[in-house]
Structures are given as C-alpha cells and as structure tokens.
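Novice: Contents of my_file19.cif (mmCIF, C-alpha atoms):
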```
data_start
loop_
_atom_site.label_atom_id
_atom_site.label_comp_id
_atom_site.auth_asym_id
_atom_site.auth_seq_id
_atom_site.Cartn_x
_atom_site.Cartn_y
_atom_site.Cartn_z
CA ASP W 1 36.37 64.01 131.80
CA LYS W 2 35.83 64.19 128.09
CA THR W 3 32.60 64.22 126.10
CA SER W 4 32.23 62.68 122.64
CA MET W 5 29.59 63.55 120.06
CA LEU W 6 28.72 62.60 116.50
CA CYS W 7 27.10 65.21 114.26
CA SER W 8 26.65 66.52 110.75
CA VAL W 9 26.19 70.07 109.53
CA LYS W 10 24.68 71.53 106.37
CA HIS W 11 26.88 71.23 103.30
CA GLU W 12 27.29 74.96 102.78
CA SER W 13 29.99 77.58 103.09
CA GLY W 14 30.89 77.96 106.76
CA GLY W 15 28.88 74.94 107.92
CA LEU W 16 31.68 73.39 109.96
CA TRP W 17 32.93 76.80 111.06
CA GLY W 18 29.53 77.41 112.68
CA LEU W 19 29.91 74.31 114.84
CA LEU W 20 33.50 75.20 115.77
CA HIS W 21 32.37 78.72 116.66
CA ILE W 22 29.74 77.32 119.06
CA ILE W 23 32.44 75.27 120.77
CA LYS W 24 34.71 78.32 121.05
CA GLN W 25 31.93 80.57 122.39
CA HIS W 26 31.33 78.21 125.29
CA GLY W 27 35.03 78.09 126.17
CA ILE W 28 35.33 74.33 125.68
CA ASN W 29 38.60 72.80 124.46
CA MET W 30 38.08 70.46 121.49
CA THR W 31 40.67 67.68 121.55
CA TYR W 32 39.66 65.60 118.52
CA LEU W 33 37.82 66.16 115.22
CA TYR W 34 37.48 63.34 112.71
CA PRO W 35 35.39 63.57 109.51
CA ARG W 36 33.68 60.53 107.97
CA PRO W 37 31.92 60.80 104.59
CA SER W 38 28.21 60.08 104.49
CA ARG W 39 27.27 56.87 102.71
CA ASP W 40 24.06 58.40 101.40
CA LYS W 41 25.02 61.85 100.13
CA PRO W 42 28.20 62.89 98.33
CA TRP W 43 30.15 65.77 99.91
CA GLU W 44 28.34 65.43 103.24
CA TYR W 45 30.24 64.37 106.34
CA PHE W 46 29.68 63.17 109.87
CA PHE W 47 32.10 64.49 112.48
CA PHE W 48 33.31 62.70 115.59
CA VAL W 49 34.21 65.37 118.15
CA ASP W 50 35.87 64.97 121.56
CA MET W 51 35.90 67.86 124.04
CA GLU W 52 37.21 68.39 127.55
CA GLY W 53 34.49 68.34 130.22
CA HIS W 54 31.49 66.30 131.31
CA ARG W 55 28.11 66.63 129.58
CA ASP W 56 26.51 67.56 132.92
CA ASP W 57 28.86 70.55 133.42
CA GLU W 58 27.09 73.89 132.93
CA HIS W 59 29.16 75.10 129.96
CA MET W 60 29.19 71.71 128.24
CA ALA W 61 25.44 71.25 128.66
CA ALA W 62 24.84 74.69 127.12
CA LEU W 63 27.22 73.90 124.24
CA LEU W 64 25.51 70.56 123.54
CA ALA W 65 22.04 72.16 123.55
CA GLU W 66 23.14 74.83 121.07
CA ALA W 67 25.00 72.33 118.87
CA GLU W 68 21.93 70.09 118.75
CA ARG W 69 19.85 73.01 117.41
CA TYR W 70 22.55 73.87 114.85
CA CYS W 71 23.38 70.40 113.50
CA GLN W 72 21.37 68.37 111.00
CA PHE W 73 22.23 65.19 112.90
CA PHE W 74 23.40 65.18 116.50
CA LYS W 75 24.16 62.50 119.07
CA VAL W 76 26.11 62.62 122.31
CA LEU W 77 28.10 59.40 122.51
CA GLY W 78 28.84 59.90 126.20
CA SER W 79 31.13 61.39 128.78
CA PHE W 80 34.13 59.40 129.90
CA PRO W 81 37.07 59.74 132.30
CA ARG W 82 39.94 61.32 130.41
CA ALA W 83 43.09 59.21 130.16
CA ASP W 84 46.17 61.19 131.18
#
```
Transcribe the structure of this file into structure tokens.
Specialist:
Amino acid sequence: DKTSMLCSVKHESGGLWGLLHIIKQHGINMTYLYPRPSRDKPWEYFFFVDMEGHRDDEHMAALLAEAERYCQFFKVLGSFPRAD
C-alpha cells in the first residue's frame, strides 16, 4: 500500500528537513514529494507526499502522529493499493 498526505511546514531554515527527518526516523520510504505554493502567503508551500505503507501500520501511524504535531497544516489523503 501507499499513504498520501498533504502538509505545510513553517517557512524557516530547515523546515522541510524536519519533516523529511521524521519520515527517515520511522524507516518509511518516501516515493513522491511535490511542492505547491500557497495562494495566501508568499514563500510558503504545501507538500503532497506519498510513502510506502498503510496508515494503520505501526510505523506509519507513529510517523503520521509525529508529522501532525510538527506541521502547520496536516491532512492524510488516504491509503491506497500501490500500483506495481
């Protein structure tokens, strides 16, 4: 399976690195990262992120809980069967 999320981080040095570090710490493989600029604030971005694993898996659930605390905006878009 794969899990998709949409999030934004603080516009500060290392903001995105912090999110990527959380993903790495939980041993999850990120397969897609796409930035979209915010319509409301210059230099702020939303990130679409795809990762291997289901949101109910232990490591993914822990990652998502930590990412939600870290991010300014956070939404899990869902978990889906991965196309091979």
Novice: What are the centre and the three edge lengths of an axis-aligned box that wraps all atoms of range 66-78 of chain W in the file, given that 6 Å is added to every side, written as JSON and rounded to one decimal in Å?
Specialist:
```
{"center_x": 24.3, "center_y": 67.1, "center_z": 118.6, "size_x": 21.0, "size_y": 27.4, "size_z": 27.2}
```
Novice: Which neighbours of range 8-23 of chain W fall inside 12 Å, counting only C-alpha atoms, when residues of the same chain fewer than 5 positions from it are skipped, and could you give them as a ChimeraX atom specification?
Specialist: /W:28-38,41-53,59-75
Novice: Suppose you want the space between CA of Thr3 in chain W and CA of Glu58 in chain W; what is it in Å?
Specialist: 13.1 Å
Novice: Can we get range 12-37 of chain W of that structure written down with C-alpha atoms, as a compact mmCIF listing (two decimals), in the first residue's frame?
Specialist:
```txt
# COMPACT_ATOMS: atom_id res chain seq x y z
CA GLU W 12 12.16 28.78 8.28
CA SER W 13 15.59 27.30 7.80
CA GLY W 14 15.32 23.52 7.99
CA GLY W 15 11.51 23.45 7.97
CA LEU W 16 11.20 20.83 5.24
CA TRP W 17 14.26 18.97 6.51
CA GLY W 18 12.45 18.46 9.83
CA LEU W 19 9.58 16.70 8.07
CA LEU W 20 11.95 14.57 5.97
CA HIS W 21 13.86 13.65 9.12
CA ILE W 22 10.65 12.41 10.77
CA ILE W 23 9.98 10.20 7.76
CA LYS W 24 13.54 8.83 7.87
CA GLN W 25 13.44 8.17 11.62
CA HIS W 26 10.41 5.94 11.22
CA GLY W 27 12.05 3.94 8.42
CA ILE W 28 9.38 4.79 5.85
CA ASN W 29 10.28 5.09 2.16
CA MET W 30 9.00 8.33 0.62
CA THR W 31 8.17 7.80 -3.05
CA TYR W 32 6.86 11.24 -4.07
CA LEU W 33 7.27 14.85 -2.91
CA TYR W 34 5.57 17.67 -4.79
CA PRO W 35 5.55 21.31 -3.61
CA ARG W 36 2.67 23.69 -4.37
CA PRO W 37 2.91 27.39 -3.46
```
